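Structure file data-v1.cif; described as mmCIF, C-alpha atoms.
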data_query
#
loop_
_atom_site.label_atom_id
_atom_site.label_comp_id
_atom_site.auth_asym_id
_atom_site.auth_seq_id
_atom_site.Cartn_x
_atom_site.Cartn_y
_atom_site.Cartn_z
CA MET X 1 -41.89 39.52 -109.27
CA ALA X 2 -44.67 39.79 -111.71
CA ILE X 3 -45.94 43.25 -112.49
CA HIS X 4 -49.68 43.26 -112.77
CA LYS X 5 -51.00 45.73 -115.38
CA ALA X 6 -53.97 47.65 -114.09
CA PRO X 7 -57.14 47.11 -116.08
CA ARG X 8 -57.86 49.91 -118.55
CA ASN X 9 -60.71 52.20 -117.60
CA MET X 10 -63.15 51.94 -120.49
CA GLN X 11 -65.16 54.93 -119.22
CA THR X 12 -62.46 57.54 -119.88
CA PRO X 13 -63.38 58.38 -123.49
CA ARG X 14 -67.03 58.64 -122.57
CA SER X 15 -66.17 60.90 -119.61
CA LEU X 16 -64.02 63.12 -121.80
CA ILE X 17 -66.79 63.41 -124.35
CA PHE X 18 -69.26 64.36 -121.63
CA ILE X 19 -66.89 66.99 -120.19
CA LEU X 20 -66.21 68.45 -123.65
CA THR X 21 -69.92 68.54 -124.42
CA VAL X 22 -70.71 70.41 -121.19
CA PHE X 23 -67.82 72.82 -121.84
CA ILE X 24 -68.97 73.60 -125.39
CA ALA X 25 -72.58 74.00 -124.27
CA THR X 26 -71.52 76.38 -121.53
CA ILE X 27 -69.59 78.52 -124.01
CA PHE X 28 -72.53 78.54 -126.40
CA LEU X 29 -74.98 79.51 -123.64
CA PHE X 30 -72.65 82.27 -122.47
CA TYR X 31 -72.41 83.64 -126.00
CA LEU X 32 -76.16 83.41 -126.49
CA LEU X 33 -76.95 85.28 -123.30
CA SER X 34 -74.47 88.01 -124.11
CA SER X 35 -75.79 88.42 -127.66
CA MET X 36 -79.53 88.49 -127.14
CA ASN X 37 -81.76 91.22 -125.78
CA HIS X 38 -82.77 90.61 -122.21
CA SER X 39 -86.45 89.81 -121.85
CA GLY X 40 -86.87 92.51 -119.25
CA GLY X 41 -86.48 95.27 -121.82
CA PHE X 42 -82.73 95.79 -122.24
CA PHE X 43 -81.55 96.67 -125.71
CA LEU X 44 -77.97 95.45 -125.54
CA SER X 45 -75.55 95.54 -128.44
CA SER X 46 -74.32 92.20 -129.69
CA HIS X 47 -70.76 92.68 -128.43
CA ASN X 48 -71.74 92.92 -124.76
CA VAL X 49 -70.05 90.39 -122.51
CA VAL X 50 -71.15 89.80 -118.94
CA VAL X 51 -68.22 89.51 -116.55
CA LYS X 52 -67.82 88.93 -112.83
CA PHE X 53 -68.82 91.93 -110.73
CA ASN X 54 -66.23 93.59 -108.52
CA SER X 55 -68.04 95.78 -106.00
CA HIS X 56 -64.98 97.96 -105.49
CA ARG X 57 -64.80 99.03 -109.12
CA ARG X 58 -67.01 102.02 -109.76
CA PRO X 59 -66.49 105.56 -111.17
CA ILE X 60 -64.14 107.47 -108.90
CA ASN X 61 -66.20 109.30 -106.27
CA GLY X 62 -69.29 108.35 -108.25
CA PRO X 63 -72.62 106.92 -107.10
CA ASP X 64 -72.80 103.15 -106.62
CA LYS X 65 -76.23 102.92 -108.27
CA TYR X 66 -76.93 103.21 -111.97
CA LEU X 67 -79.44 104.45 -114.53
CA TYR X 68 -79.85 102.94 -118.00
CA TRP X 69 -82.07 104.37 -120.75
CA GLY X 70 -80.96 102.24 -123.71
CA ASP X 71 -78.01 101.56 -125.99
CA ARG X 72 -79.21 104.11 -128.57
CA ILE X 73 -80.59 107.60 -128.05
CA ASP X 74 -84.39 107.70 -128.53
CA CYS X 75 -84.63 103.89 -128.69
CA PRO X 76 -87.03 102.21 -128.60
CA GLY X 77 -89.24 104.77 -130.34
CA LYS X 78 -90.21 106.39 -133.61
CA HIS X 79 -86.76 108.00 -134.09
CA CYS X 80 -84.80 104.82 -133.39
CA GLU X 81 -84.35 103.91 -137.06
CA SER X 82 -84.78 107.34 -138.66
CA CYS X 83 -82.10 109.01 -136.51
CA GLU X 84 -82.60 112.68 -135.72
CA GLY X 85 -80.03 115.47 -135.99
CA LEU X 86 -77.40 116.38 -133.43
CA GLY X 87 -79.51 119.05 -131.67
CA HIS X 88 -82.45 116.66 -131.22
CA GLN X 89 -80.23 113.89 -129.88
CA GLU X 90 -78.44 116.28 -127.53
CA SER X 91 -81.78 117.36 -126.07
CA SER X 92 -82.62 113.72 -125.40
CA LEU X 93 -79.19 112.94 -123.95
CA ARG X 94 -79.31 116.02 -121.74
CA CYS X 95 -82.69 114.91 -120.39
CA ALA X 96 -81.30 111.50 -119.44
CA LEU X 97 -78.28 113.09 -117.77
CA GLU X 98 -80.58 115.39 -115.81
CA GLU X 99 -82.49 112.42 -114.45
CA ALA X 100 -79.25 110.71 -113.41
CA MET X 101 -78.31 113.88 -111.49
CA PHE X 102 -81.74 114.05 -109.86
CA LEU X 103 -81.55 110.41 -108.78
CA SER X 104 -77.86 110.64 -107.76
CA ARG X 105 -77.03 107.74 -110.06
CA THR X 106 -74.28 107.03 -112.58
CA PHE X 107 -75.69 107.23 -116.11
CA ILE X 108 -74.96 104.40 -118.55
CA MET X 109 -74.27 106.42 -121.70
CA PRO X 110 -74.68 104.92 -125.19
CA SER X 111 -71.22 104.38 -126.63
CA ARG X 112 -72.25 105.56 -130.11
CA MET X 113 -74.47 108.24 -131.66
CA CYS X 114 -76.23 107.82 -134.99
CA ILE X 115 -75.46 110.27 -137.80
CA ASN X 116 -78.40 111.50 -139.83
CA PRO X 117 -77.34 111.52 -143.52
CA ILE X 118 -79.34 114.72 -144.05
CA HIS X 119 -76.92 116.46 -141.70
CA ASN X 120 -73.78 114.79 -142.99
CA LYS X 121 -71.87 115.41 -146.20
CA LYS X 122 -68.46 114.35 -144.92
CA GLY X 123 -67.57 110.66 -144.88
CA ILE X 124 -69.21 107.69 -146.57
CA LEU X 125 -72.31 106.27 -144.96
CA TYR X 126 -73.44 102.68 -145.40
CA GLN X 127 -75.74 102.41 -148.41
CA ALA X 128 -75.93 98.65 -149.12
CA GLU X 129 -79.54 97.72 -149.89
CA ASN X 130 -79.31 94.27 -148.31
CA ALA X 131 -77.65 95.51 -145.12
CA THR X 132 -79.24 94.55 -141.83
CA SER X 133 -80.44 97.17 -139.35
CA ASP X 134 -77.43 96.50 -137.10
CA GLU X 135 -75.01 96.83 -140.04
CA ARG X 136 -76.50 100.16 -141.08
CA TRP X 137 -76.38 101.34 -137.47
CA ALA X 138 -72.71 100.42 -137.05
CA ALA X 139 -71.73 102.14 -140.30
CA ASN X 140 -73.78 105.31 -139.77
CA THR X 141 -72.64 106.12 -136.24
CA CYS X 142 -69.72 107.71 -134.47
CA ALA X 143 -68.18 106.99 -131.08
CA MET X 144 -69.67 109.12 -128.30
CA ASP X 145 -66.21 109.89 -126.92
CA SER X 146 -65.22 111.27 -130.34
CA LEU X 147 -67.80 114.02 -129.71
CA TYR X 148 -67.68 114.56 -125.94
CA ASP X 149 -65.08 114.58 -123.19
CA LEU X 150 -66.47 112.08 -120.70
CA ASP X 151 -64.15 113.30 -117.95
CA LEU X 152 -65.58 116.82 -118.28
CA ILE X 153 -69.12 115.43 -118.21
CA ALA X 154 -68.24 113.44 -115.08
CA ASN X 155 -67.41 116.68 -113.27
CA THR X 156 -71.16 117.35 -113.35
CA VAL X 157 -72.83 113.95 -113.70
CA HIS X 158 -71.08 110.59 -113.49
CA VAL X 159 -71.22 108.47 -116.64
CA ILE X 160 -69.84 105.21 -117.97
CA LEU X 161 -70.17 103.92 -121.54
CA ASP X 162 -72.31 100.91 -122.34
CA ASN X 163 -69.37 99.13 -123.98
CA SER X 164 -67.18 99.43 -120.88
CA GLU X 165 -66.12 96.63 -118.55
CA MET X 166 -67.73 98.51 -115.67
CA TRP X 167 -71.16 98.33 -117.33
CA HIS X 168 -70.81 94.58 -117.83
CA GLN X 169 -69.94 94.20 -114.16
CA VAL X 170 -72.98 96.22 -113.08
CA LEU X 171 -75.25 94.20 -115.35
CA SER X 172 -73.89 90.90 -114.08
CA ALA X 173 -74.36 92.00 -110.47
CA GLY X 174 -77.91 93.14 -111.22
CA PHE X 175 -78.87 89.74 -112.57
CA HIS X 176 -77.51 88.03 -109.45
CA LEU X 177 -79.23 90.35 -106.96
CA GLY X 178 -82.73 89.40 -108.07
CA SER X 179 -85.45 91.92 -107.14
CA ARG X 180 -82.87 94.25 -105.59
CA GLY X 181 -80.76 94.17 -108.73
CA ILE X 182 -82.67 95.61 -111.69
CA ALA X 183 -85.89 97.65 -111.71
CA HIS X 184 -87.56 97.78 -115.14
CA VAL X 185 -89.70 100.91 -115.35
CA GLN X 186 -91.86 102.71 -117.89
CA GLY X 187 -94.12 105.70 -117.35
CA VAL X 188 -92.83 106.28 -113.81
CA SER X 189 -92.01 109.84 -112.72
CA ARG X 190 -88.50 110.63 -111.59
CA VAL X 191 -89.89 111.70 -108.21
CA ASP X 192 -91.32 108.20 -107.69
CA LEU X 193 -88.04 106.67 -108.86
CA LYS X 194 -86.29 108.60 -106.13
CA GLU X 195 -88.77 108.22 -103.29
CA ARG X 196 -90.26 104.72 -103.70
CA SER X 197 -87.97 102.06 -102.24
CA GLN X 198 -88.79 99.47 -104.89
CA TYR X 199 -86.91 101.71 -107.32
CA SER X 200 -84.50 103.66 -105.14
CA ASP X 201 -83.05 100.49 -103.54
CA ALA X 202 -82.31 98.83 -106.89
CA LEU X 203 -78.73 98.69 -108.12
CA LEU X 204 -79.84 99.49 -111.66
CA ILE X 205 -82.90 101.28 -113.02
CA ASN X 206 -83.69 100.26 -116.59
CA ARG X 207 -85.97 102.99 -117.93
CA THR X 208 -87.98 102.71 -121.12
CA ALA X 209 -88.41 106.36 -122.06
CA SER X 210 -91.15 107.97 -124.15
CA PRO X 211 -91.37 106.47 -127.67
CA LEU X 212 -91.74 110.02 -129.02
CA SER X 213 -88.25 111.04 -127.86
CA TRP X 214 -86.20 110.74 -124.71
CA PHE X 215 -86.49 114.46 -124.06
CA VAL X 216 -90.26 114.14 -123.61
CA GLU X 217 -89.40 112.83 -120.13
CA CYS X 218 -88.26 116.41 -119.39
CA LYS X 219 -91.52 117.96 -120.53
CA ASP X 220 -91.52 120.43 -117.63
CA ARG X 221 -88.49 122.29 -119.02
CA LYS X 222 -90.41 125.59 -118.96
CA ASN X 223 -90.06 125.37 -115.20
CA HIS X 224 -86.48 126.62 -115.09
CA THR X 225 -86.06 125.58 -111.47
CA GLY X 226 -86.34 121.98 -112.70
CA VAL X 227 -83.68 122.36 -115.41
CA ARG X 228 -80.42 121.02 -114.05
CA LEU X 229 -78.38 121.17 -117.27
CA PRO X 230 -78.56 124.25 -119.53
CA TYR X 231 -78.51 124.07 -123.32
CA SER X 232 -74.84 125.11 -123.23
CA PHE X 233 -73.75 122.06 -121.19
CA LEU X 234 -73.03 119.53 -123.95
CA PRO X 235 -71.46 122.11 -126.28
CA SER X 236 -69.09 123.04 -123.46
CA VAL X 237 -67.88 119.45 -122.93
CA ALA X 238 -66.76 118.70 -126.50
CA ALA X 239 -63.96 116.17 -126.98
CA LYS X 240 -60.47 117.53 -126.35
CA LYS X 241 -59.36 117.27 -129.98
CA LEU X 242 -62.39 119.31 -131.06
CA GLN X 243 -61.69 121.92 -128.41
CA LEU X 244 -58.05 122.19 -129.47
CA ALA X 245 -59.05 122.71 -133.12
CA ALA X 246 -61.54 125.40 -132.10
CA GLU X 247 -58.89 127.17 -130.00
CA LYS X 248 -56.46 127.25 -132.95
CA ILE X 249 -59.08 128.80 -135.21
CA LYS X 250 -60.15 131.30 -132.55
CA ASP X 251 -56.53 132.42 -132.18
CA LEU X 252 -56.31 132.97 -135.94
CA LEU X 253 -59.61 134.88 -136.00
CA GLY X 254 -58.51 137.24 -133.22
CA ASP X 255 -61.26 139.66 -132.17
CA TYR X 256 -64.41 138.52 -133.97
CA ASP X 257 -68.19 138.21 -133.92
CA ALA X 258 -70.24 135.22 -135.10
CA ILE X 259 -73.62 134.29 -136.53
CA HIS X 260 -75.26 130.89 -136.88
CA VAL X 261 -77.56 130.82 -139.92
CA ARG X 262 -79.84 127.81 -140.08
CA ARG X 263 -81.65 127.45 -143.35
CA GLY X 264 -81.86 124.11 -145.18
CA ASP X 265 -84.53 121.93 -143.61
CA ARG X 266 -86.11 124.77 -141.64
CA ILE X 267 -87.09 126.88 -144.67
CA LYS X 268 -88.87 124.11 -146.55
CA THR X 269 -92.43 124.77 -147.69
CA ARG X 270 -95.38 122.64 -148.71
CA LYS X 271 -98.59 123.40 -150.55
CA ASP X 272 -101.95 123.29 -148.83
CA ARG X 273 -105.06 121.88 -150.47
CA PHE X 274 -105.54 125.16 -152.34
CA GLY X 275 -102.02 125.08 -153.78
CA VAL X 276 -100.70 127.86 -151.50
CA GLU X 277 -97.12 127.50 -150.22
CA ARG X 278 -96.84 127.36 -146.44
CA SER X 279 -94.00 127.11 -143.94
CA LEU X 280 -93.53 126.27 -140.25
CA CYS X 281 -91.13 129.24 -139.98
CA PRO X 282 -92.83 131.90 -142.14
CA HIS X 283 -90.13 134.59 -141.71
CA LEU X 284 -87.02 132.46 -141.59
CA ASP X 285 -86.19 132.36 -145.31
CA ARG X 286 -86.43 136.15 -145.42
CA ASP X 287 -84.63 136.81 -142.15
CA THR X 288 -81.63 134.64 -143.09
CA ARG X 289 -80.94 136.26 -146.46
CA PRO X 290 -77.86 138.57 -146.58
CA GLU X 291 -79.78 141.82 -147.10
CA PHE X 292 -81.93 141.17 -144.05
CA ILE X 293 -79.02 139.86 -141.96
CA ILE X 294 -77.12 143.12 -142.53
CA CYS X 295 -80.14 145.08 -141.38
CA ARG X 296 -80.76 142.91 -138.33
CA ILE X 297 -77.22 142.70 -136.96
CA SER X 298 -76.16 146.30 -137.66
CA LYS X 299 -77.25 147.35 -134.14
CA TRP X 300 -75.03 144.66 -132.58
CA VAL X 301 -72.03 144.36 -134.92
CA PRO X 302 -70.23 147.51 -136.13
CA PRO X 303 -68.92 147.74 -139.72
CA GLY X 304 -65.41 146.42 -140.36
CA ARG X 305 -65.62 143.61 -137.82
CA THR X 306 -64.54 140.03 -138.58
CA LEU X 307 -67.73 137.96 -138.84
CA PHE X 308 -67.53 134.17 -138.54
CA ILE X 309 -70.45 132.45 -140.27
CA ALA X 310 -71.63 128.91 -139.58
CA SER X 311 -74.53 127.73 -141.72
CA ASN X 312 -76.15 124.73 -143.40
CA GLU X 313 -76.79 126.85 -146.52
CA ARG X 314 -74.97 125.12 -149.39
CA THR X 315 -75.34 127.74 -152.15
CA PRO X 316 -71.80 128.98 -153.01
CA GLY X 317 -71.30 132.67 -152.31
CA PHE X 318 -74.72 132.99 -150.65
CA PHE X 319 -73.37 135.26 -147.87
CA SER X 320 -70.95 137.25 -150.05
CA PRO X 321 -73.11 140.41 -149.98
CA LEU X 322 -72.24 140.70 -146.27
CA SER X 323 -68.64 141.45 -147.28
CA ILE X 324 -69.54 145.06 -148.11
CA ARG X 325 -69.67 145.67 -144.37
CA TYR X 326 -67.75 142.82 -142.68
CA LYS X 327 -64.66 140.63 -143.05
CA LEU X 328 -66.17 137.21 -143.57
CA ALA X 329 -64.74 133.95 -142.23
CA TYR X 330 -65.94 130.36 -142.53
CA SER X 331 -64.71 127.03 -141.20
CA SER X 332 -63.72 126.16 -144.79
CA ASN X 333 -61.01 128.82 -144.51
CA TYR X 334 -59.25 126.57 -141.99
CA SER X 335 -59.25 123.26 -143.87
CA SER X 336 -55.60 122.65 -142.98
CA ILE X 337 -56.70 122.35 -139.34
CA LEU X 338 -60.04 120.62 -139.85
CA ASP X 339 -59.56 118.14 -142.72
CA PRO X 340 -57.14 115.82 -140.89
CA LEU X 341 -59.41 115.82 -137.84
CA VAL X 342 -63.08 115.99 -138.81
CA GLU X 343 -64.77 112.70 -139.74
CA ASN X 344 -68.39 113.87 -139.95
CA ASN X 345 -70.52 116.99 -139.84
CA TYR X 346 -71.40 116.48 -136.18
CA GLN X 347 -67.77 117.01 -135.25
CA LEU X 348 -67.54 119.97 -137.64
CA PHE X 349 -70.57 121.67 -136.13
CA MET X 350 -69.31 121.07 -132.61
CA ILE X 351 -66.08 122.88 -133.52
CA GLU X 352 -68.04 125.70 -135.16
CA ARG X 353 -70.22 125.92 -132.08
CA LEU X 354 -67.19 126.35 -129.83
CA ILE X 355 -65.90 129.08 -132.15
CA MET X 356 -69.25 130.88 -132.04
CA MET X 357 -69.40 130.60 -128.25
CA GLY X 358 -66.00 132.36 -128.12
CA ALA X 359 -67.12 135.36 -130.20
CA LYS X 360 -67.44 138.84 -128.74
CA THR X 361 -71.01 138.96 -130.05
CA PHE X 362 -72.82 135.75 -130.97
CA ILE X 363 -76.09 135.93 -132.88
CA LYS X 364 -78.14 132.74 -133.19
CA THR X 365 -80.78 131.89 -135.76
CA PHE X 366 -83.43 131.31 -133.09
CA LYS X 367 -83.51 132.31 -129.46
CA ASP X 368 -82.88 129.59 -126.90
CA ASP X 369 -83.33 132.06 -124.05
CA GLU X 370 -84.92 135.48 -123.88
CA THR X 371 -81.53 137.13 -123.51
CA ASP X 372 -80.18 135.63 -126.76
CA LEU X 373 -79.61 137.70 -129.89
CA SER X 374 -81.26 136.13 -132.94
CA LEU X 375 -81.69 136.62 -136.68
CA THR X 376 -85.41 135.83 -136.58
CA ASP X 377 -88.27 136.17 -134.17
CA ASP X 378 -89.86 132.93 -135.36
CA PRO X 379 -89.97 130.41 -132.48
CA LYS X 380 -87.39 127.62 -132.49
CA LYS X 381 -89.87 125.06 -131.25
CA ASN X 382 -92.01 123.42 -133.92
CA THR X 383 -95.48 124.99 -133.59
CA LYS X 384 -96.94 122.59 -136.18
CA ILE X 385 -98.73 125.58 -137.68
CA TRP X 386 -98.09 125.97 -141.42
CA GLN X 387 -98.26 129.65 -142.39
CA ILE X 388 -97.82 131.63 -145.60
CA PRO X 389 -94.15 132.69 -145.89
CA VAL X 390 -93.30 136.40 -145.66
CA TYR X 391 -90.53 137.67 -147.95
CA THR X 392 -90.88 141.45 -147.71
CA SER X 393 -89.75 143.86 -145.00
CA ASN X 394 -93.28 145.22 -144.42
CA GLY X 395 -91.90 148.74 -144.57
CA GLU X 396 -89.51 148.17 -141.67
CA LYS X 397 -86.22 150.11 -141.79
CA CYS X 398 -82.80 149.28 -140.39
#
With the file now loaded, output its structure as structure tokens.
Amino acid sequence: MAIHKAPRNMQTPRSLIFILTVFIATIFLFYLLSSMNHSGGFFLSSHNVVVKFNSHRRPINGPDKYLYWGDRIDCPGKHCESCEGLGHQESSLRCALEEAMFLSRTFIMPSRMCINPIHNKKGILYQAENATSDERWAANTCAMDSLYDLDLIANTVHVILDNSEMWHQVLSAGFHLGSRGIAHVQGVSRVDLKERSQYSDALLINRTASPLSWFVECKDRKNHTGVRLPYSFLPSVAAKKLQLAAEKIKDLLGDYDAIHVRRGDRIKTRKDRFGVERSLCPHLDRDTRPEFIICRISKWVPPGRTLFIASNERTPGFFSPLSIRYKLAYSSNYSSILDPLVENNYQLFMIERLIMMGAKTFIKTFKDDETDLSLTDDPKKNTKIWQIPVYTSNGEKC
């Protein structure tokens, strides 16, 4: 019996080419969407990948609605490229966390924090002249979870990082939900965000904060009833490895007192149009010199005590005159503990801050609250008033 050979389908190669073309185009479109900034105002890092949303996956016991302020602290805004110091960025981050608490939402926390080179002498920062903005950002940042313990933060306000799978799931779901998915807001009060259904019903609120700084959104901080997170919150939730290092040093110090002496950028002066030197903190240079420190702290710290000093003063031996009355200690005395661990000055200061918080008596440079002990009476907040510096004691006695 003859076997009839079926005629060859001449369309197969063309069909395969069409299928491959569609497949490649789909991959390219997927990559493009995940790499570009969303037109609605999202500032997403280039490694974000949108994945299928699973409604059952959310932070344990956390809210099922979310708040996003941006993938960098203070961005977009005037400090986005310049990068402010740790204290400034913590104020902004604390403000965002406060709003998440107020709205009962999970906060999408930036996965990295920029490091200001002025405040960093440890580690090599990216200096290539032809580097792109994204390259400089990647090189001059540190992972947020290398500074903070996210589990400790979550005990107070629920957070997820913006490089997590959970965030990609939320974002994907928001795009699919249409008007009920993502609410893009700017210049809207947090009360309206909570009470107006067009915002409160949305899965995700994408806030564009003040271009001056994120913390401007918490401008009513003088009203202490509206402050949900105290200044001490972020220092108290440092990453575990930083806390362990601080505990080791505290054990070695034993019974001790501590002072934080901020000089550096805060004592700078400039000349007015008449050539007269002026300063924003007219008494700070004087008040943070050893002879004035001894006088100031004598009523709080008895002679013979161990005194731990944390400072941005870089002059060797600057605080040595204090040794006539106290046993001096610095973080540099514990390099065997810190050198293998610390990658940048933000981590170093966070360890020093934990040590200072554990002191019997802790004296700050400026007061954060009225009950604080401080080296100077100059206000911490920038008054923008340039005054003639004062270097004498004005006849005052210890």
Separation of CA of Ser320 in chain X from CA of Pro340 in chain X, in Å and rounded to one decimal
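So the two atoms, CA of Ser320 in chain X and CA of Pro340 in chain X, lie 27.1 Å apart.
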Could you tell me which residues the PyMOL selection byres ((chain X and resi 341) around 12) returns for this structure, as a PyMOL selection string?
chain X and resi 122-123+146-147+239-246+334-340+342-345+347-348+351
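Distance check against Ser331 in chain X using all atoms listed in the file: of X:Phe349, X:Tyr199, X:Phe318, X:Phe292, the minimum falls on X:Phe349.
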For a quick check of understanding, using all atoms listed in the file, which of X:Lys299, X:Lys360, X:Lys380, X:Arg196 has the smallest distance to Leu284 in chain X?
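With all atoms listed in the file as the atom set, the closest residue is X:Lys380.
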Run through the PyMOL selection byres ((chain X and resi 93-103) around 7) on the given coordinates and return the selected residues as a ChimeraX atom specification.
/X:67,73,89-92,104-107,157,190,194,214-215,218,228-229
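Comparing the minimum interatomic distances between Cys295 in chain X and each of X:Leu307, X:Leu375, X:Ile259, X:Ala209, counting only C-alpha atoms, we find that X:Leu375 sits nearest.
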